[in-house]
Number of protein chains: 2
Amino acid sequence: MDILLMIGTLAALLTTLSFVPQVIKAHTTKKTQDLSFGMFMLLSVGLILWLVYGIALRSLPIIFANSITLAFSLYLLYLKKKHG
Amino acid sequence: MDILLMIGTLAALLTTLSFVPQVIKAHTTKKTQDLSFGMFMLLSVGLILWLVYGIALRSLPIIFANSITLAFSLYLLYLKKKHG
């Protein structure tokens, strides 16, 4: 694997996995007051569009990274809706 | 502009701008307790790698979108450090 592909893969992994600590925190504390509903709303719509883009391009990395991030974002949106 | 490029551009705009409501909320309320430090730390490192990737590829959209998101992420990290 060349160095550039490695950097891109690591970048995609980190930005996707960055949501894990936030999901764990919101899930366990049930506290979401300081989270912005608008952020995860806009983010989810944006990620759906990235997914459409990835499917159209048949790009597995774009499809894969954005599906996982979308799942995290939708779950945070659900927790925010539930706990306020 | 073809439809696919339009979807990609809109996706990049939305995922980048999604941070705006969170930045405004954290900045005005000075409340960041429910935000995960780990999220914005991993995200910032990931975005720096995306930036390196974009610079290596000389891809202006990747450089542009990730610079702005990085600025938002670092500012949220600063607010989180400041307000706890």
# chains A, B, ... in the order shown; residues from 1 in each chain; ligands from 1

$ residues_around --residues "segment 34-46 of chain A" --least-positions-apart "4" --cutoff "8 Å" --atoms "only C-alpha atoms" --output "list in words"
Trp50, Leu70, Ser73, Leu74, Leu76, Leu77, Lys80 and Lys81 of chain A; Leu10, Ala11, Ala12, Leu13, Leu14, Thr15, Leu17, Ser18, Phe19, Val20, Pro21, Gln22, Lys25, Ala26, Lys31, Thr32, Gln33, Asp34 and Leu35 of chain B

$ calpha_fit_and_write --fixed "chain B" --moving "chain A" --output "PDB file with N, CA and C atoms, in the first residue's frame"
ATOM      1  N   MET A   1     -22.468  22.143 -14.382  1.00  0.00           N
ATOM      2  CA  MET A   1     -21.995  21.192 -13.364  1.00  0.00           C
ATOM      3  C   MET A   1     -22.869  19.929 -13.406  1.00  0.00           C
ATOM      4  N   ASP A   2     -22.270  18.775 -13.519  1.00  0.00           N
ATOM      5  CA  ASP A   2     -23.120  17.576 -13.592  1.00  0.00           C
ATOM      6  C   ASP A   2     -23.705  17.240 -12.224  1.00  0.00           C
ATOM      7  N   ILE A   3     -24.749  16.400 -12.261  1.00  0.00           N
ATOM      8  CA  ILE A   3     -25.534  16.103 -11.056  1.00  0.00           C
ATOM      9  C   ILE A   3     -24.681  15.469  -9.947  1.00  0.00           C
ATOM     10  N   LEU A   4     -23.738  14.600 -10.337  1.00  0.00           N
ATOM     11  CA  LEU A   4     -22.912  13.905  -9.353  1.00  0.00           C
ATOM     12  C   LEU A   4     -21.979  14.884  -8.626  1.00  0.00           C
ATOM     13  N   LEU A   5     -21.396  15.796  -9.393  1.00  0.00           N
ATOM     14  CA  LEU A   5     -20.517  16.813  -8.803  1.00  0.00           C
ATOM     15  C   LEU A   5     -21.328  17.717  -7.875  1.00  0.00           C
ATOM     16  N   MET A   6     -22.577  17.992  -8.269  1.00  0.00           N
ATOM     17  CA  MET A   6     -23.456  18.817  -7.439  1.00  0.00           C
ATOM     18  C   MET A   6     -23.752  18.121  -6.111  1.00  0.00           C
ATOM     19  N   ILE A   7     -24.047  16.812  -6.171  1.00  0.00           N
ATOM     20  CA  ILE A   7     -24.334  16.039  -4.954  1.00  0.00           C
ATOM     21  C   ILE A   7     -23.100  16.015  -4.053  1.00  0.00           C
ATOM     22  N   GLY A   8     -21.930  15.784  -4.629  1.00  0.00           N
ATOM     23  CA  GLY A   8     -20.692  15.756  -3.854  1.00  0.00           C
ATOM     24  C   GLY A   8     -20.389  17.103  -3.207  1.00  0.00           C
ATOM     25  N   THR A   9     -20.607  18.179  -3.964  1.00  0.00           N
ATOM     26  CA  THR A   9     -20.355  19.524  -3.444  1.00  0.00           C
ATOM     27  C   THR A   9     -21.310  19.853  -2.300  1.00  0.00           C
ATOM     28  N   LEU A  10     -22.594  19.508  -2.493  1.00  0.00           N
ATOM     29  CA  LEU A  10     -23.601  19.746  -1.449  1.00  0.00           C
ATOM     30  C   LEU A  10     -23.289  18.907  -0.203  1.00  0.00           C
ATOM     31  N   ALA A  11     -22.850  17.669  -0.427  1.00  0.00           N
ATOM     32  CA  ALA A  11     -22.476  16.781   0.684  1.00  0.00           C
ATOM     33  C   ALA A  11     -21.330  17.396   1.483  1.00  0.00           C
ATOM     34  N   ALA A  12     -20.302  17.877   0.784  1.00  0.00           N
ATOM     35  CA  ALA A  12     -19.134  18.481   1.445  1.00  0.00           C
ATOM     36  C   ALA A  12     -19.540  19.744   2.205  1.00  0.00           C
ATOM     37  N   LEU A  13     -20.401  20.553   1.575  1.00  0.00           N
ATOM     38  CA  LEU A  13     -20.874  21.788   2.218  1.00  0.00           C
ATOM     39  C   LEU A  13     -21.628  21.469   3.508  1.00  0.00           C
ATOM     40  N   LEU A  14     -22.559  20.497   3.424  1.00  0.00           N
ATOM     41  CA  LEU A  14     -23.385  20.173   4.594  1.00  0.00           C
ATOM     42  C   LEU A  14     -22.570  19.586   5.739  1.00  0.00           C
ATOM     43  N   THR A  15     -21.662  18.637   5.438  1.00  0.00           N
ATOM     44  CA  THR A  15     -20.894  18.033   6.528  1.00  0.00           C
ATOM     45  C   THR A  15     -19.927  19.058   7.146  1.00  0.00           C
ATOM     46  N   THR A  16     -19.449  20.000   6.335  1.00  0.00           N
ATOM     47  CA  THR A  16     -18.581  21.051   6.872  1.00  0.00           C
ATOM     48  C   THR A  16     -19.387  22.043   7.710  1.00  0.00           C
ATOM     49  N   LEU A  17     -20.506  22.519   7.142  1.00  0.00           N
ATOM     50  CA  LEU A  17     -21.312  23.538   7.827  1.00  0.00           C
ATOM     51  C   LEU A  17     -22.067  22.992   9.031  1.00  0.00           C
ATOM     52  N   SER A  18     -22.194  21.656   9.125  1.00  0.00           N
ATOM     53  CA  SER A  18     -22.915  21.064  10.260  1.00  0.00           C
ATOM     54  C   SER A  18     -22.275  21.465  11.591  1.00  0.00           C
ATOM     55  N   PHE A  19     -20.974  21.796  11.561  1.00  0.00           N
ATOM     56  CA  PHE A  19     -20.300  22.179  12.805  1.00  0.00           C
ATOM     57  C   PHE A  19     -20.696  23.576  13.284  1.00  0.00           C
ATOM     58  N   VAL A  20     -21.245  24.399  12.405  1.00  0.00           N
ATOM     59  CA  VAL A  20     -21.573  25.786  12.774  1.00  0.00           C
ATOM     60  C   VAL A  20     -22.556  25.862  13.953  1.00  0.00           C
ATOM     61  N   PRO A  21     -23.709  25.131  13.902  1.00  0.00           N
ATOM     62  CA  PRO A  21     -24.623  25.229  15.058  1.00  0.00           C
ATOM     63  C   PRO A  21     -23.988  24.766  16.371  1.00  0.00           C
ATOM     64  N   GLN A  22     -23.102  23.754  16.300  1.00  0.00           N
ATOM     65  CA  GLN A  22     -22.446  23.280  17.530  1.00  0.00           C
ATOM     66  C   GLN A  22     -21.458  24.315  18.057  1.00  0.00           C
ATOM     67  N   VAL A  23     -20.716  24.954  17.155  1.00  0.00           N
ATOM     68  CA  VAL A  23     -19.767  25.989  17.553  1.00  0.00           C
ATOM     69  C   VAL A  23     -20.517  27.169  18.180  1.00  0.00           C
ATOM     70  N   ILE A  24     -21.614  27.606  17.543  1.00  0.00           N
ATOM     71  CA  ILE A  24     -22.410  28.724  18.071  1.00  0.00           C
ATOM     72  C   ILE A  24     -22.963  28.373  19.451  1.00  0.00           C
ATOM     73  N   LYS A  25     -23.507  27.152  19.566  1.00  0.00           N
ATOM     74  CA  LYS A  25     -24.088  26.718  20.844  1.00  0.00           C
ATOM     75  C   LYS A  25     -23.038  26.703  21.958  1.00  0.00           C
ATOM     76  N   ALA A  26     -21.903  26.055  21.703  1.00  0.00           N
ATOM     77  CA  ALA A  26     -20.856  25.945  22.729  1.00  0.00           C
ATOM     78  C   ALA A  26     -20.263  27.318  23.053  1.00  0.00           C
ATOM     79  N   HIS A  27     -20.125  28.163  22.028  1.00  0.00           N
ATOM     80  CA  HIS A  27     -19.554  29.498  22.224  1.00  0.00           C
ATOM     81  C   HIS A  27     -20.467  30.383  23.069  1.00  0.00           C
ATOM     82  N   THR A  28     -21.776  30.352  22.785  1.00  0.00           N
ATOM     83  CA  THR A  28     -22.696  31.254  23.468  1.00  0.00           C
ATOM     84  C   THR A  28     -23.078  30.749  24.864  1.00  0.00           C
ATOM     85  N   THR A  29     -23.327  29.427  24.983  1.00  0.00           N
ATOM     86  CA  THR A  29     -23.743  28.905  26.300  1.00  0.00           C
ATOM     87  C   THR A  29     -22.552  28.688  27.230  1.00  0.00           C
ATOM     88  N   LYS A  30     -21.319  28.592  26.652  1.00  0.00           N
ATOM     89  CA  LYS A  30     -20.116  28.218  27.404  1.00  0.00           C
ATOM     90  C   LYS A  30     -20.287  26.868  28.101  1.00  0.00           C
ATOM     91  N   LYS A  31     -21.213  26.040  27.599  1.00  0.00           N
ATOM     92  CA  LYS A  31     -21.437  24.704  28.184  1.00  0.00           C
ATOM     93  C   LYS A  31     -20.959  23.626  27.222  1.00  0.00           C
ATOM     94  N   THR A  32     -19.989  22.839  27.692  1.00  0.00           N
ATOM     95  CA  THR A  32     -19.411  21.821  26.815  1.00  0.00           C
ATOM     96  C   THR A  32     -19.290  20.476  27.529  1.00  0.00           C
ATOM     97  N   GLN A  33     -19.983  20.367  28.679  1.00  0.00           N
ATOM     98  CA  GLN A  33     -19.805  19.169  29.505  1.00  0.00           C
ATOM     99  C   GLN A  33     -20.184  17.877  28.772  1.00  0.00           C
ATOM    100  N   ASP A  34     -21.248  17.942  27.950  1.00  0.00           N
ATOM    101  CA  ASP A  34     -21.721  16.728  27.272  1.00  0.00           C
ATOM    102  C   ASP A  34     -20.949  16.435  25.996  1.00  0.00           C
ATOM    103  N   LEU A  35     -20.048  17.352  25.601  1.00  0.00           N
ATOM    104  CA  LEU A  35     -19.226  17.092  24.421  1.00  0.00           C
ATOM    105  C   LEU A  35     -18.072  16.168  24.817  1.00  0.00           C
ATOM    106  N   SER A  36     -17.699  15.276  23.916  1.00  0.00           N
ATOM    107  CA  SER A  36     -16.610  14.360  24.191  1.00  0.00           C
ATOM    108  C   SER A  36     -15.280  14.946  23.707  1.00  0.00           C
ATOM    109  N   PHE A  37     -14.329  15.097  24.650  1.00  0.00           N
ATOM    110  CA  PHE A  37     -12.992  15.580  24.286  1.00  0.00           C
ATOM    111  C   PHE A  37     -12.356  14.626  23.280  1.00  0.00           C
ATOM    112  N   GLY A  38     -12.551  13.312  23.528  1.00  0.00           N
ATOM    113  CA  GLY A  38     -11.991  12.289  22.643  1.00  0.00           C
ATOM    114  C   GLY A  38     -12.472  12.433  21.212  1.00  0.00           C
ATOM    115  N   MET A  39     -13.767  12.758  21.054  1.00  0.00           N
ATOM    116  CA  MET A  39     -14.301  12.914  19.706  1.00  0.00           C
ATOM    117  C   MET A  39     -13.554  13.992  18.932  1.00  0.00           C
ATOM    118  N   PHE A  40     -13.448  15.185  19.525  1.00  0.00           N
ATOM    119  CA  PHE A  40     -12.860  16.304  18.782  1.00  0.00           C
ATOM    120  C   PHE A  40     -11.335  16.197  18.671  1.00  0.00           C
ATOM    121  N   MET A  41     -10.744  15.401  19.571  1.00  0.00           N
ATOM    122  CA  MET A  41      -9.309  15.108  19.488  1.00  0.00           C
ATOM    123  C   MET A  41      -9.041  14.196  18.282  1.00  0.00           C
ATOM    124  N   LEU A  42      -9.739  13.052  18.244  1.00  0.00           N
ATOM    125  CA  LEU A  42      -9.567  12.096  17.132  1.00  0.00           C
ATOM    126  C   LEU A  42      -9.944  12.745  15.805  1.00  0.00           C
ATOM    127  N   LEU A  43     -11.040  13.522  15.844  1.00  0.00           N
ATOM    128  CA  LEU A  43     -11.513  14.191  14.633  1.00  0.00           C
ATOM    129  C   LEU A  43     -10.456  15.162  14.098  1.00  0.00           C
ATOM    130  N   SER A  44      -9.858  15.943  15.006  1.00  0.00           N
ATOM    131  CA  SER A  44      -8.856  16.927  14.582  1.00  0.00           C
ATOM    132  C   SER A  44      -7.641  16.244  13.955  1.00  0.00           C
ATOM    133  N   VAL A  45      -7.177  15.166  14.577  1.00  0.00           N
ATOM    134  CA  VAL A  45      -6.023  14.425  14.016  1.00  0.00           C
ATOM    135  C   VAL A  45      -6.406  13.853  12.643  1.00  0.00           C
ATOM    136  N   GLY A  46      -7.623  13.289  12.554  1.00  0.00           N
ATOM    137  CA  GLY A  46      -8.104  12.745  11.282  1.00  0.00           C
ATOM    138  C   GLY A  46      -8.186  13.815  10.203  1.00  0.00           C
ATOM    139  N   LEU A  47      -8.659  15.005  10.584  1.00  0.00           N
ATOM    140  CA  LEU A  47      -8.802  16.096   9.611  1.00  0.00           C
ATOM    141  C   LEU A  47      -7.437  16.626   9.148  1.00  0.00           C
ATOM    142  N   ILE A  48      -6.448  16.624  10.055  1.00  0.00           N
ATOM    143  CA  ILE A  48      -5.084  17.008   9.667  1.00  0.00           C
ATOM    144  C   ILE A  48      -4.560  16.029   8.605  1.00  0.00           C
ATOM    145  N   LEU A  49      -4.836  14.719   8.822  1.00  0.00           N
ATOM    146  CA  LEU A  49      -4.408  13.713   7.839  1.00  0.00           C
ATOM    147  C   LEU A  49      -5.141  13.901   6.501  1.00  0.00           C
ATOM    148  N   TRP A  50      -6.461  14.229   6.560  1.00  0.00           N
ATOM    149  CA  TRP A  50      -7.202  14.525   5.327  1.00  0.00           C
ATOM    150  C   TRP A  50      -6.580  15.706   4.583  1.00  0.00           C
ATOM    151  N   LEU A  51      -6.117  16.674   5.367  1.00  0.00           N
ATOM    152  CA  LEU A  51      -5.492  17.870   4.802  1.00  0.00           C
ATOM    153  C   LEU A  51      -4.184  17.501   4.096  1.00  0.00           C
ATOM    154  N   VAL A  52      -3.364  16.688   4.757  1.00  0.00           N
ATOM    155  CA  VAL A  52      -2.118  16.201   4.163  1.00  0.00           C
ATOM    156  C   VAL A  52      -2.432  15.454   2.861  1.00  0.00           C
ATOM    157  N   TYR A  53      -3.457  14.601   2.930  1.00  0.00           N
ATOM    158  CA  TYR A  53      -3.903  13.822   1.760  1.00  0.00           C
ATOM    159  C   TYR A  53      -4.321  14.753   0.621  1.00  0.00           C
ATOM    160  N   GLY A  54      -5.115  15.770   0.968  1.00  0.00           N
ATOM    161  CA  GLY A  54      -5.597  16.729  -0.035  1.00  0.00           C
ATOM    162  C   GLY A  54      -4.466  17.539  -0.656  1.00  0.00           C
ATOM    163  N   ILE A  55      -3.484  17.928   0.186  1.00  0.00           N
ATOM    164  CA  ILE A  55      -2.332  18.699  -0.312  1.00  0.00           C
ATOM    165  C   ILE A  55      -1.493  17.826  -1.256  1.00  0.00           C
ATOM    166  N   ALA A  56      -1.283  16.559  -0.855  1.00  0.00           N
ATOM    167  CA  ALA A  56      -0.504  15.634  -1.689  1.00  0.00           C
ATOM    168  C   ALA A  56      -1.186  15.418  -3.043  1.00  0.00           C
ATOM    169  N   LEU A  57      -2.525  15.334  -3.016  1.00  0.00           N
ATOM    170  CA  LEU A  57      -3.286  15.127  -4.259  1.00  0.00           C
ATOM    171  C   LEU A  57      -3.541  16.442  -4.995  1.00  0.00           C
ATOM    172  N   ARG A  58      -3.148  17.565  -4.384  1.00  0.00           N
ATOM    173  CA  ARG A  58      -3.467  18.908  -4.900  1.00  0.00           C
ATOM    174  C   ARG A  58      -4.965  19.042  -5.188  1.00  0.00           C
ATOM    175  N   SER A  59      -5.785  18.483  -4.265  1.00  0.00           N
ATOM    176  CA  SER A  59      -7.239  18.564  -4.428  1.00  0.00           C
ATOM    177  C   SER A  59      -7.793  19.726  -3.608  1.00  0.00           C
ATOM    178  N   LEU A  60      -8.140  20.801  -4.292  1.00  0.00           N
ATOM    179  CA  LEU A  60      -8.644  21.992  -3.591  1.00  0.00           C
ATOM    180  C   LEU A  60      -9.902  21.721  -2.761  1.00  0.00           C
ATOM    181  N   PRO A  61     -10.899  20.945  -3.273  1.00  0.00           N
ATOM    182  CA  PRO A  61     -12.092  20.693  -2.436  1.00  0.00           C
ATOM    183  C   PRO A  61     -11.744  19.983  -1.136  1.00  0.00           C
ATOM    184  N   ILE A  62     -10.835  18.980  -1.190  1.00  0.00           N
ATOM    185  CA  ILE A  62     -10.450  18.259   0.035  1.00  0.00           C
ATOM    186  C   ILE A  62      -9.720  19.211   0.983  1.00  0.00           C
ATOM    187  N   ILE A  63      -8.812  20.022   0.443  1.00  0.00           N
ATOM    188  CA  ILE A  63      -8.067  20.980   1.268  1.00  0.00           C
ATOM    189  C   ILE A  63      -9.024  21.992   1.903  1.00  0.00           C
ATOM    190  N   PHE A  64      -9.920  22.534   1.094  1.00  0.00           N
ATOM    191  CA  PHE A  64     -10.826  23.593   1.536  1.00  0.00           C
ATOM    192  C   PHE A  64     -11.796  23.094   2.621  1.00  0.00           C
ATOM    193  N   ALA A  65     -12.530  22.014   2.305  1.00  0.00           N
ATOM    194  CA  ALA A  65     -13.533  21.487   3.250  1.00  0.00           C
ATOM    195  C   ALA A  65     -12.882  21.081   4.569  1.00  0.00           C
ATOM    196  N   ASN A  66     -11.720  20.410   4.489  1.00  0.00           N
ATOM    197  CA  ASN A  66     -11.112  19.907   5.722  1.00  0.00           C
ATOM    198  C   ASN A  66     -10.417  20.998   6.541  1.00  0.00           C
ATOM    199  N   SER A  67      -9.935  22.064   5.888  1.00  0.00           N
ATOM    200  CA  SER A  67      -9.347  23.179   6.650  1.00  0.00           C
ATOM    201  C   SER A  67     -10.416  23.831   7.517  1.00  0.00           C
ATOM    202  N   ILE A  68     -11.591  24.077   6.911  1.00  0.00           N
ATOM    203  CA  ILE A  68     -12.661  24.747   7.647  1.00  0.00           C
ATOM    204  C   ILE A  68     -13.154  23.866   8.791  1.00  0.00           C
ATOM    205  N   THR A  69     -13.390  22.577   8.486  1.00  0.00           N
ATOM    206  CA  THR A  69     -13.861  21.658   9.531  1.00  0.00           C
ATOM    207  C   THR A  69     -12.831  21.542  10.649  1.00  0.00           C
ATOM    208  N   LEU A  70     -11.543  21.533  10.281  1.00  0.00           N
ATOM    209  CA  LEU A  70     -10.480  21.462  11.289  1.00  0.00           C
ATOM    210  C   LEU A  70     -10.505  22.691  12.199  1.00  0.00           C
ATOM    211  N   ALA A  71     -10.726  23.868  11.629  1.00  0.00           N
ATOM    212  CA  ALA A  71     -10.796  25.088  12.434  1.00  0.00           C
ATOM    213  C   ALA A  71     -11.945  24.988  13.446  1.00  0.00           C
ATOM    214  N   PHE A  72     -13.120  24.504  12.990  1.00  0.00           N
ATOM    215  CA  PHE A  72     -14.270  24.332  13.893  1.00  0.00           C
ATOM    216  C   PHE A  72     -13.939  23.317  14.987  1.00  0.00           C
ATOM    217  N   SER A  73     -13.358  22.205  14.594  1.00  0.00           N
ATOM    218  CA  SER A  73     -13.064  21.130  15.544  1.00  0.00           C
ATOM    219  C   SER A  73     -12.056  21.585  16.598  1.00  0.00           C
ATOM    220  N   LEU A  74     -11.022  22.327  16.171  1.00  0.00           N
ATOM    221  CA  LEU A  74     -10.012  22.823  17.119  1.00  0.00           C
ATOM    222  C   LEU A  74     -10.618  23.859  18.068  1.00  0.00           C
ATOM    223  N   TYR A  75     -11.535  24.669  17.552  1.00  0.00           N
ATOM    224  CA  TYR A  75     -12.169  25.676  18.409  1.00  0.00           C
ATOM    225  C   TYR A  75     -13.057  24.988  19.464  1.00  0.00           C
ATOM    226  N   LEU A  76     -13.778  23.923  19.051  1.00  0.00           N
ATOM    227  CA  LEU A  76     -14.605  23.176  20.014  1.00  0.00           C
ATOM    228  C   LEU A  76     -13.717  22.502  21.065  1.00  0.00           C
ATOM    229  N   LEU A  77     -12.553  22.035  20.632  1.00  0.00           N
ATOM    230  CA  LEU A  77     -11.599  21.408  21.549  1.00  0.00           C
ATOM    231  C   LEU A  77     -11.104  22.443  22.568  1.00  0.00           C
ATOM    232  N   TYR A  78     -10.832  23.647  22.103  1.00  0.00           N
ATOM    233  CA  TYR A  78     -10.398  24.742  22.968  1.00  0.00           C
ATOM    234  C   TYR A  78     -11.500  25.099  23.979  1.00  0.00           C
ATOM    235  N   LEU A  79     -12.753  25.208  23.495  1.00  0.00           N
ATOM    236  CA  LEU A  79     -13.876  25.522  24.391  1.00  0.00           C
ATOM    237  C   LEU A  79     -14.064  24.412  25.426  1.00  0.00           C
ATOM    238  N   LYS A  80     -13.922  23.167  24.992  1.00  0.00           N
ATOM    239  CA  LYS A  80     -14.074  22.011  25.889  1.00  0.00           C
ATOM    240  C   LYS A  80     -13.001  22.055  26.974  1.00  0.00           C
ATOM    241  N   LYS A  81     -11.763  22.359  26.569  1.00  0.00           N
ATOM    242  CA  LYS A  81     -10.634  22.457  27.497  1.00  0.00           C
ATOM    243  C   LYS A  81     -10.887  23.601  28.499  1.00  0.00           C
ATOM    244  N   LYS A  82     -11.479  24.688  28.009  1.00  0.00           N
ATOM    245  CA  LYS A  82     -11.703  25.885  28.819  1.00  0.00           C
ATOM    246  C   LYS A  82     -12.869  25.700  29.794  1.00  0.00           C
ATOM    247  N   HIS A  83     -13.993  25.172  29.305  1.00  0.00           N
ATOM    248  CA  HIS A  83     -15.209  25.108  30.115  1.00  0.00           C
ATOM    249  C   HIS A  83     -15.449  23.742  30.755  1.00  0.00           C
ATOM    250  N   GLY A  84     -14.685  22.743  30.332  1.00  0.00           N
ATOM    251  CA  GLY A  84     -14.781  21.411  30.938  1.00  0.00           C
ATOM    252  C   GLY A  84     -15.963  20.581  30.502  1.00  0.00           C
TER     253      GLY A  84
END

$ select_by_dssp --residues "chain B" --states "helix (DSSP H, G or I)" --output "number ranges by chain"
B: 3-17, 19-29, 37-56, 60-83
